[in-house]
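J.: What follows is the file structure_24.csv, containing CSV, N, CA and C atoms and all ligand atoms:
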chain,number,residue,atom,x,y,z
A,1,MET,N,-49.7,-61.5,90.0
A,1,MET,CA,-50.9,-60.8,90.5
A,1,MET,C,-51.2,-61.3,91.9
A,2,ARG,N,-50.4,-62.3,92.4
A,2,ARG,CA,-50.6,-62.8,93.7
A,2,ARG,C,-50.6,-61.7,94.8
A,3,VAL,N,-49.8,-60.7,94.7
A,3,VAL,CA,-49.6,-59.7,95.6
A,3,VAL,C,-51.0,-58.9,95.8
A,4,LEU,N,-51.7,-58.7,94.7
A,4,LEU,CA,-52.9,-58.0,94.8
A,4,LEU,C,-54.0,-58.8,95.4
A,5,ASP,N,-53.9,-60.1,95.4
A,5,ASP,CA,-55.0,-61.0,95.8
A,5,ASP,C,-55.0,-61.1,97.3
A,6,ALA,N,-55.5,-60.1,98.0
A,6,ALA,CA,-55.4,-60.1,99.5
A,6,ALA,C,-56.1,-61.2,100.1
A,7,ASN,N,-57.3,-61.6,99.7
A,7,ASN,CA,-58.0,-62.7,100.3
A,7,ASN,C,-57.8,-64.1,99.8
A,8,MET,N,-56.7,-64.2,98.9
A,8,MET,CA,-56.2,-65.4,98.4
A,8,MET,C,-57.3,-66.3,97.7
A,9,ASN,N,-58.3,-65.7,97.1
A,9,ASN,CA,-59.3,-66.6,96.4
A,9,ASN,C,-58.9,-66.8,95.0
A,10,GLY,N,-57.7,-66.3,94.6
A,10,GLY,CA,-57.3,-66.5,93.2
A,10,GLY,C,-57.9,-65.5,92.3
A,11,LEU,N,-58.7,-64.6,92.7
A,11,LEU,CA,-59.3,-63.6,91.9
A,11,LEU,C,-59.0,-62.2,92.5
A,12,ILE,N,-58.9,-61.3,91.6
A,12,ILE,CA,-58.8,-59.9,92.1
A,12,ILE,C,-60.2,-59.3,92.0
A,13,ASP,N,-60.8,-59.0,93.1
A,13,ASP,CA,-62.1,-58.3,93.0
A,13,ASP,C,-61.9,-56.8,93.0
A,14,TYR,N,-62.9,-56.1,92.8
A,14,TYR,CA,-62.9,-54.7,92.5
A,14,TYR,C,-62.3,-54.0,93.7
A,15,THR,N,-62.7,-54.3,95.0
A,15,THR,CA,-62.2,-53.7,96.2
A,15,THR,C,-60.7,-53.8,96.3
A,16,GLU,N,-60.2,-55.0,96.1
A,16,GLU,CA,-58.8,-55.3,96.2
A,16,GLU,C,-58.0,-54.4,95.2
A,17,PHE,N,-58.6,-54.4,94.0
A,17,PHE,CA,-58.0,-53.6,92.9
A,17,PHE,C,-57.9,-52.1,93.2
A,18,ILE,N,-59.0,-51.6,93.7
A,18,ILE,CA,-59.0,-50.1,94.1
A,18,ILE,C,-58.0,-49.9,95.2
A,19,ALA,N,-58.0,-50.8,96.2
A,19,ALA,CA,-57.1,-50.6,97.4
A,19,ALA,C,-55.6,-50.6,96.9
A,20,ALA,N,-55.3,-51.5,96.0
A,20,ALA,CA,-54.0,-51.6,95.5
A,20,ALA,C,-53.6,-50.4,94.7
A,21,CYS,N,-54.5,-49.9,94.0
A,21,CYS,CA,-54.2,-48.6,93.2
A,21,CYS,C,-54.0,-47.5,94.1
A,22,LEU,N,-54.9,-47.3,95.1
A,22,LEU,CA,-54.7,-46.2,96.1
A,22,LEU,C,-53.4,-46.3,96.8
A,23,HIS,N,-53.1,-47.5,97.2
A,23,HIS,CA,-51.8,-47.7,97.9
A,23,HIS,C,-50.6,-47.3,97.1
A,24,SER,N,-50.6,-47.8,95.9
A,24,SER,CA,-49.4,-47.5,95.1
A,24,SER,C,-49.4,-46.0,94.7
A,25,TYR,N,-50.5,-45.4,94.6
A,25,TYR,CA,-50.6,-44.0,94.3
A,25,TYR,C,-50.0,-43.2,95.4
A,26,ASN,N,-50.4,-43.5,96.6
A,26,ASN,CA,-49.8,-42.8,97.8
A,26,ASN,C,-48.3,-43.0,97.9
A,27,TYR,N,-48.0,-44.3,97.7
A,27,TYR,CA,-46.5,-44.6,97.9
A,27,TYR,C,-45.7,-43.8,96.9
A,28,LEU,N,-46.2,-43.8,95.7
A,28,LEU,CA,-45.5,-43.1,94.6
A,28,LEU,C,-45.3,-41.6,94.9
A,29,GLN,N,-46.4,-41.0,95.4
A,29,GLN,CA,-46.4,-39.6,95.7
A,29,GLN,C,-45.3,-39.3,96.8
A,30,ASP,N,-45.4,-40.2,97.8
A,30,ASP,CA,-44.5,-40.0,99.0
A,30,ASP,C,-43.1,-40.2,98.6
A,31,SER,N,-42.8,-41.2,97.8
A,31,SER,CA,-41.4,-41.5,97.4
A,31,SER,C,-40.9,-40.4,96.5
A,32,GLN,N,-41.8,-39.9,95.7
A,32,GLN,CA,-41.4,-38.8,94.8
A,32,GLN,C,-41.0,-37.5,95.6
A,33,LEU,N,-41.9,-37.2,96.6
A,33,LEU,CA,-41.6,-36.1,97.4
A,33,LEU,C,-40.3,-36.2,98.1
A,34,LYS,N,-40.0,-37.4,98.7
A,34,LYS,CA,-38.8,-37.7,99.4
A,34,LYS,C,-37.6,-37.5,98.5
A,35,ALA,N,-37.7,-38.0,97.2
A,35,ALA,CA,-36.6,-37.9,96.3
A,35,ALA,C,-36.4,-36.5,96.0
A,36,ALA,N,-37.4,-35.7,95.8
A,36,ALA,CA,-37.3,-34.3,95.5
A,36,ALA,C,-36.6,-33.6,96.6
A,37,PHE,N,-37.1,-33.9,97.9
A,37,PHE,CA,-36.5,-33.2,99.0
A,37,PHE,C,-35.0,-33.6,99.2
A,38,CYS,N,-34.6,-34.8,98.9
A,38,CYS,CA,-33.2,-35.2,99.0
A,38,CYS,C,-32.4,-34.5,98.0
A,39,TYR,N,-33.0,-34.2,96.8
A,39,TYR,CA,-32.3,-33.5,95.8
A,39,TYR,C,-31.9,-32.1,96.3
A,40,PHE,N,-32.9,-31.4,97.0
A,40,PHE,CA,-32.6,-30.1,97.5
A,40,PHE,C,-31.7,-30.1,98.7
A,41,ASP,N,-31.9,-31.1,99.5
A,41,ASP,CA,-31.1,-31.1,100.8
A,41,ASP,C,-29.8,-31.8,100.5
A,42,LYS,N,-28.9,-31.0,100.0
A,42,LYS,CA,-27.6,-31.6,99.5
A,42,LYS,C,-26.8,-32.3,100.6
A,43,ASP,N,-26.7,-31.7,101.8
A,43,ASP,CA,-25.9,-32.4,102.8
A,43,ASP,C,-26.7,-33.4,103.7
A,44,GLY,N,-28.0,-33.6,103.3
A,44,GLY,CA,-28.8,-34.6,103.9
A,44,GLY,C,-29.1,-34.4,105.4
A,45,ASN,N,-29.1,-33.1,105.9
A,45,ASN,CA,-29.3,-32.9,107.3
A,45,ASN,C,-30.8,-32.7,107.7
A,46,GLY,N,-31.7,-32.9,106.7
A,46,GLY,CA,-33.1,-32.8,107.0
A,46,GLY,C,-33.7,-31.4,106.8
A,47,SER,N,-33.0,-30.4,106.4
A,47,SER,CA,-33.6,-29.1,106.1
A,47,SER,C,-32.8,-28.5,104.9
A,48,ILE,N,-33.6,-27.7,104.2
A,48,ILE,CA,-33.0,-27.0,103.0
A,48,ILE,C,-32.7,-25.6,103.4
A,49,THR,N,-31.4,-25.2,103.3
A,49,THR,CA,-31.0,-23.9,103.6
A,49,THR,C,-31.0,-23.0,102.4
A,50,LYS,N,-30.8,-21.7,102.6
A,50,LYS,CA,-30.7,-20.8,101.5
A,50,LYS,C,-29.7,-21.2,100.5
A,51,GLU,N,-28.5,-21.6,101.0
A,51,GLU,CA,-27.4,-22.0,100.1
A,51,GLU,C,-27.8,-23.2,99.3
A,52,GLU,N,-28.5,-24.1,99.9
A,52,GLU,CA,-28.8,-25.3,99.1
A,52,GLU,C,-29.9,-25.0,98.1
A,53,LEU,N,-30.8,-24.2,98.4
A,53,LEU,CA,-31.8,-23.7,97.5
A,53,LEU,C,-31.2,-23.0,96.3
A,54,ARG,N,-30.2,-22.2,96.6
A,54,ARG,CA,-29.6,-21.4,95.6
A,54,ARG,C,-28.8,-22.4,94.6
A,55,GLU,N,-28.1,-23.3,95.2
A,55,GLU,CA,-27.3,-24.3,94.5
A,55,GLU,C,-28.2,-25.1,93.5
A,56,CYS,N,-29.4,-25.4,94.0
A,56,CYS,CA,-30.3,-26.2,93.1
A,56,CYS,C,-31.0,-25.4,92.0
A,57,LEU,N,-31.3,-24.2,92.4
A,57,LEU,CA,-32.1,-23.4,91.4
A,57,LEU,C,-31.3,-22.6,90.4
A,58,GLU,N,-30.1,-22.3,90.8
A,58,GLU,CA,-29.3,-21.5,89.9
A,58,GLU,C,-28.6,-22.3,88.9
A,59,SER,N,-28.4,-21.6,87.7
A,59,SER,CA,-27.7,-22.2,86.6
A,59,SER,C,-26.9,-21.1,86.0
A,60,GLU,N,-26.2,-21.4,84.9
A,60,GLU,CA,-25.4,-20.3,84.2
A,60,GLU,C,-26.3,-19.2,83.6
A,61,GLU,N,-27.5,-19.6,83.2
A,61,GLU,CA,-28.4,-18.7,82.6
A,61,GLU,C,-29.4,-18.0,83.6
A,62,PHE,N,-29.5,-18.7,84.8
A,62,PHE,CA,-30.5,-18.3,85.7
A,62,PHE,C,-29.9,-18.0,87.1
A,63,THR,N,-30.0,-16.8,87.6
A,63,THR,CA,-29.5,-16.5,88.9
A,63,THR,C,-30.6,-15.9,89.8
A,64,LEU,N,-30.4,-16.0,91.1
A,64,LEU,CA,-31.4,-15.4,92.0
A,64,LEU,C,-30.7,-14.4,92.9
A,65,THR,N,-31.4,-13.4,93.2
A,65,THR,CA,-30.8,-12.4,94.2
A,65,THR,C,-31.1,-12.9,95.6
A,66,GLU,N,-30.4,-12.4,96.6
A,66,GLU,CA,-30.6,-12.7,98.0
A,66,GLU,C,-32.1,-12.5,98.4
A,67,ASP,N,-32.7,-11.4,97.9
A,67,ASP,CA,-34.0,-11.1,98.2
A,67,ASP,C,-35.0,-12.2,97.7
A,68,GLU,N,-34.7,-12.6,96.4
A,68,GLU,CA,-35.6,-13.6,95.8
A,68,GLU,C,-35.6,-14.9,96.6
A,69,ILE,N,-34.4,-15.3,97.0
A,69,ILE,CA,-34.2,-16.6,97.8
A,69,ILE,C,-34.9,-16.4,99.1
A,70,ALA,N,-34.7,-15.3,99.8
A,70,ALA,CA,-35.3,-15.1,101.1
A,70,ALA,C,-36.8,-15.1,101.0
A,71,ASN,N,-37.3,-14.5,99.9
A,71,ASN,CA,-38.8,-14.5,99.7
A,71,ASN,C,-39.3,-15.9,99.5
A,72,LEU,N,-38.6,-16.7,98.7
A,72,LEU,CA,-39.0,-18.1,98.4
A,72,LEU,C,-39.1,-18.9,99.8
A,73,ILE,N,-38.1,-18.7,100.6
A,73,ILE,CA,-38.1,-19.4,101.9
A,73,ILE,C,-39.2,-18.9,102.8
A,74,LYS,N,-39.3,-17.6,102.8
A,74,LYS,CA,-40.3,-17.0,103.7
A,74,LYS,C,-41.7,-17.5,103.4
A,75,GLY,N,-42.0,-17.7,102.1
A,75,GLY,CA,-43.3,-18.1,101.7
A,75,GLY,C,-43.7,-19.5,102.3
A,76,VAL,N,-42.8,-20.4,102.6
A,76,VAL,CA,-43.1,-21.7,103.1
A,76,VAL,C,-42.6,-22.0,104.5
A,77,ASP,N,-41.8,-21.1,105.0
A,77,ASP,CA,-41.1,-21.3,106.3
A,77,ASP,C,-42.1,-21.1,107.5
A,78,ILE,N,-42.9,-22.1,107.8
A,78,ILE,CA,-43.9,-22.0,108.8
A,78,ILE,C,-43.4,-21.7,110.2
A,79,ASN,N,-42.3,-22.4,110.6
A,79,ASN,CA,-41.7,-22.2,111.9
A,79,ASN,C,-40.7,-21.1,112.0
A,80,GLU,N,-40.5,-20.4,110.9
A,80,GLU,CA,-39.6,-19.2,110.8
A,80,GLU,C,-38.2,-19.4,111.3
A,81,ASP,N,-37.6,-20.5,110.9
A,81,ASP,CA,-36.2,-20.7,111.3
A,81,ASP,C,-35.3,-20.5,110.2
A,82,GLY,N,-35.8,-20.0,109.0
A,82,GLY,CA,-35.0,-19.6,107.9
A,82,GLY,C,-34.6,-20.8,107.0
A,83,LYS,N,-35.1,-22.0,107.4
A,83,LYS,CA,-34.8,-23.2,106.6
A,83,LYS,C,-36.1,-23.9,106.2
A,84,ILE,N,-36.0,-24.7,105.2
A,84,ILE,CA,-37.2,-25.5,104.8
A,84,ILE,C,-37.0,-27.0,105.3
A,85,ASP,N,-37.9,-27.4,106.2
A,85,ASP,CA,-37.8,-28.8,106.6
A,85,ASP,C,-38.8,-29.6,105.8
A,86,TYR,N,-38.8,-31.0,106.0
A,86,TYR,CA,-39.5,-31.8,105.1
A,86,TYR,C,-41.0,-31.5,105.1
A,87,LEU,N,-41.6,-31.2,106.3
A,87,LEU,CA,-43.0,-30.9,106.3
A,87,LEU,C,-43.3,-29.6,105.6
A,88,GLU,N,-42.5,-28.6,105.7
A,88,GLU,CA,-42.7,-27.4,105.0
A,88,GLU,C,-42.5,-27.6,103.5
A,89,PHE,N,-41.6,-28.5,103.2
A,89,PHE,CA,-41.4,-28.8,101.8
A,89,PHE,C,-42.6,-29.4,101.1
A,90,ILE,N,-43.2,-30.4,101.9
A,90,ILE,CA,-44.5,-31.0,101.4
A,90,ILE,C,-45.6,-30.0,101.2
A,91,ASN,N,-45.7,-29.1,102.2
A,91,ASN,CA,-46.7,-28.0,102.0
A,91,ASN,C,-46.5,-27.2,100.8
A,92,MET,N,-45.2,-26.9,100.6
A,92,MET,CA,-44.8,-26.1,99.4
A,92,MET,C,-45.2,-26.8,98.1
A,93,MET,N,-45.0,-28.1,98.1
A,93,MET,CA,-45.3,-29.0,96.9
A,93,MET,C,-46.8,-29.1,96.7
A,94,LYS,N,-47.5,-29.2,97.8
A,94,LYS,CA,-49.0,-29.3,97.7
A,94,LYS,C,-49.6,-28.0,97.2
A,95,ALA,N,-48.9,-26.9,97.6
A,95,ALA,CA,-49.5,-25.6,97.2
A,95,ALA,C,-49.2,-25.3,95.7
A,96,LEU,N,-48.3,-26.0,95.1
A,96,LEU,CA,-47.9,-25.8,93.7
A,96,LEU,C,-49.0,-26.1,92.7
B,1,CA,CA,-29.4,-29.4,104.3
B,2,CA,CA,-38.6,-23.9,108.7
Output the file's structure as structure tokens, nothing else.
Ligand SMILES: [Ca+2]
Ligand SMILES: [Ca+2]
T.:
Amino acid sequence: MRVLDANMNGLIDYTEFIAACLHSYNYLQDSQLKAAFCYFDKDGNGSITKEELRECLESEEFTLTEDEIANLIKGVDINEDGKIDYLEFINMMKAL
């Protein structure tokens, strides 16, 4: 519990506790988003292309048409470069 005890008085007061919770909550959210983005961004170049999206979403039972993929990207592609970058990805996740 040492880590949580920011003012080193040996006790964890309410403010410290709340601060610790908020901090780990944000951290968790952020790392989860990053992990999800990395999963989609197969070649790790910082943006998710149509091909990468297709590769992640398609399975033997589930396929997407060109139009469906294009629409998916269009819905979140704020700078209209045809790819989803990390910021656009975060917006997409927030909107879910
Ligand atoms: Ca990529
Ligand atoms: Ca984009």
J.: Which residues are near ligand CA 2 (chain B) - at most 5 Å, using all atoms listed in the file? Format: as a list of chain:residue names.
T.: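 Counting all atoms listed in the file, the residues within 5 Å of ligand CA 2 (chain B) come out as A:Asp77, A:Ile78, A:Asn79, A:Glu80, A:Asp81, A:Gly82, A:Lys83, A:Ile84, A:Asp85.
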J.: Neighbouring residues of Met92 of chain A were defined as those with any atom within 8 Å, considering all atoms listed in the file; residues of the same chain fewer than 5 positions away were excluded. Please report them as an NGL selection string.
T.: :A and (75-76 or 86-87)
J.: Taking all atoms listed in the file into account, list the residues no farther than 6 Å from ligand CA 1 (chain B), as a PyMOL selection string.
T.: chain A and resi 41-49
J.: What is the distance between atom N of Ser31 of chain A and atom CA of Ser59 of chain A, in Å to one decimal?
T.: 26.7 Å
J.: Report as a PyMOL selection string: the residues of chain A with a DSSP assignment of strand (DSSP E or B), based on the backbone of this structure.
T.: chain A and resi 47-48+84-85
J.: Pick from A:Thr15, A:Leu72, A:Thr65, A:Cys56: nearest to Ala36 of chain A, with only C-alpha atoms counted?
T.: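 Closest candidate: A:Cys56.
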J.: Restore all heavy atoms in segment 35-46 of chain A and list the result as a short mmCIF file (atom, residue, chain, number, x, y, z; two decimals), in the frame of the given file.
T.:
data_model
loop_
_atom_site.label_atom_id
_atom_site.label_comp_id
_atom_site.auth_asym_id
_atom_site.auth_seq_id
_atom_site.Cartn_x
_atom_site.Cartn_y
_atom_site.Cartn_z
N ALA A 35 -37.70 -38.00 97.20
CA ALA A 35 -36.60 -37.90 96.30
C ALA A 35 -36.40 -36.50 96.00
O ALA A 35 -35.20 -36.04 95.88
CB ALA A 35 -36.96 -38.71 95.02
N ALA A 36 -37.40 -35.70 95.80
CA ALA A 36 -37.30 -34.30 95.50
C ALA A 36 -36.60 -33.60 96.60
O ALA A 36 -35.72 -32.72 96.46
CB ALA A 36 -38.63 -33.66 95.17
N PHE A 37 -37.10 -33.90 97.90
CA PHE A 37 -36.50 -33.20 99.00
C PHE A 37 -35.00 -33.60 99.20
O PHE A 37 -34.18 -32.66 99.42
CB PHE A 37 -37.22 -33.69 100.31
CG PHE A 37 -36.78 -32.96 101.55
CD1 PHE A 37 -37.24 -31.68 101.81
CD2 PHE A 37 -35.90 -33.56 102.44
CE1 PHE A 37 -36.82 -31.00 102.94
CE2 PHE A 37 -35.47 -32.88 103.57
CZ PHE A 37 -35.95 -31.60 103.82
N CYS A 38 -34.60 -34.80 98.90
CA CYS A 38 -33.20 -35.20 99.00
C CYS A 38 -32.40 -34.50 98.00
O CYS A 38 -31.23 -34.15 98.22
CB CYS A 38 -33.06 -36.71 98.76
SG CYS A 38 -33.60 -37.68 100.15
N TYR A 39 -33.00 -34.20 96.80
CA TYR A 39 -32.30 -33.50 95.80
C TYR A 39 -31.90 -32.10 96.30
O TYR A 39 -30.79 -31.58 96.06
CB TYR A 39 -33.12 -33.40 94.50
CG TYR A 39 -32.53 -32.51 93.45
CD1 TYR A 39 -31.42 -32.93 92.71
CD2 TYR A 39 -33.04 -31.24 93.21
CE1 TYR A 39 -30.85 -32.11 91.75
CE2 TYR A 39 -32.48 -30.41 92.25
CZ TYR A 39 -31.38 -30.85 91.53
OH TYR A 39 -30.83 -30.02 90.60
N PHE A 40 -32.90 -31.40 97.00
CA PHE A 40 -32.60 -30.10 97.50
C PHE A 40 -31.70 -30.10 98.70
O PHE A 40 -30.86 -29.21 98.86
CB PHE A 40 -33.92 -29.38 97.81
CG PHE A 40 -34.64 -28.82 96.61
CD1 PHE A 40 -35.66 -29.52 96.00
CD2 PHE A 40 -34.29 -27.58 96.10
CE1 PHE A 40 -36.32 -29.00 94.89
CE2 PHE A 40 -34.94 -27.04 95.00
CZ PHE A 40 -35.97 -27.76 94.39
N ASP A 41 -31.90 -31.10 99.50
CA ASP A 41 -31.10 -31.10 100.80
C ASP A 41 -29.80 -31.80 100.50
O ASP A 41 -29.55 -32.97 100.83
CB ASP A 41 -31.94 -31.95 101.82
CG ASP A 41 -31.25 -31.96 103.17
OD1 ASP A 41 -30.36 -31.11 103.41
OD2 ASP A 41 -31.60 -32.82 104.00
N LYS A 42 -28.90 -31.00 100.00
CA LYS A 42 -27.60 -31.60 99.50
C LYS A 42 -26.80 -32.30 100.60
O LYS A 42 -26.17 -33.32 100.32
CB LYS A 42 -26.72 -30.42 98.92
CG LYS A 42 -27.30 -29.75 97.71
CD LYS A 42 -27.14 -30.62 96.47
CE LYS A 42 -27.66 -29.89 95.23
NZ LYS A 42 -27.99 -30.83 94.14
N ASP A 43 -26.70 -31.70 101.80
CA ASP A 43 -25.90 -32.40 102.80
C ASP A 43 -26.70 -33.40 103.70
O ASP A 43 -26.19 -33.97 104.58
CB ASP A 43 -25.24 -31.31 103.71
CG ASP A 43 -26.24 -30.47 104.49
OD1 ASP A 43 -27.47 -30.70 104.35
OD2 ASP A 43 -25.81 -29.57 105.22
N GLY A 44 -28.00 -33.60 103.30
CA GLY A 44 -28.80 -34.60 103.90
C GLY A 44 -29.10 -34.40 105.40
O GLY A 44 -29.26 -35.35 106.15
N ASN A 45 -29.10 -33.10 105.90
CA ASN A 45 -29.30 -32.90 107.30
C ASN A 45 -30.80 -32.70 107.70
O ASN A 45 -31.11 -32.32 108.79
CB ASN A 45 -28.42 -31.76 107.85
CG ASN A 45 -28.85 -30.41 107.30
OD1 ASN A 45 -29.67 -30.33 106.39
ND2 ASN A 45 -28.32 -29.35 107.86
N GLY A 46 -31.70 -32.90 106.70
CA GLY A 46 -33.10 -32.80 107.00
C GLY A 46 -33.70 -31.40 106.80
O GLY A 46 -34.93 -31.26 107.04
#
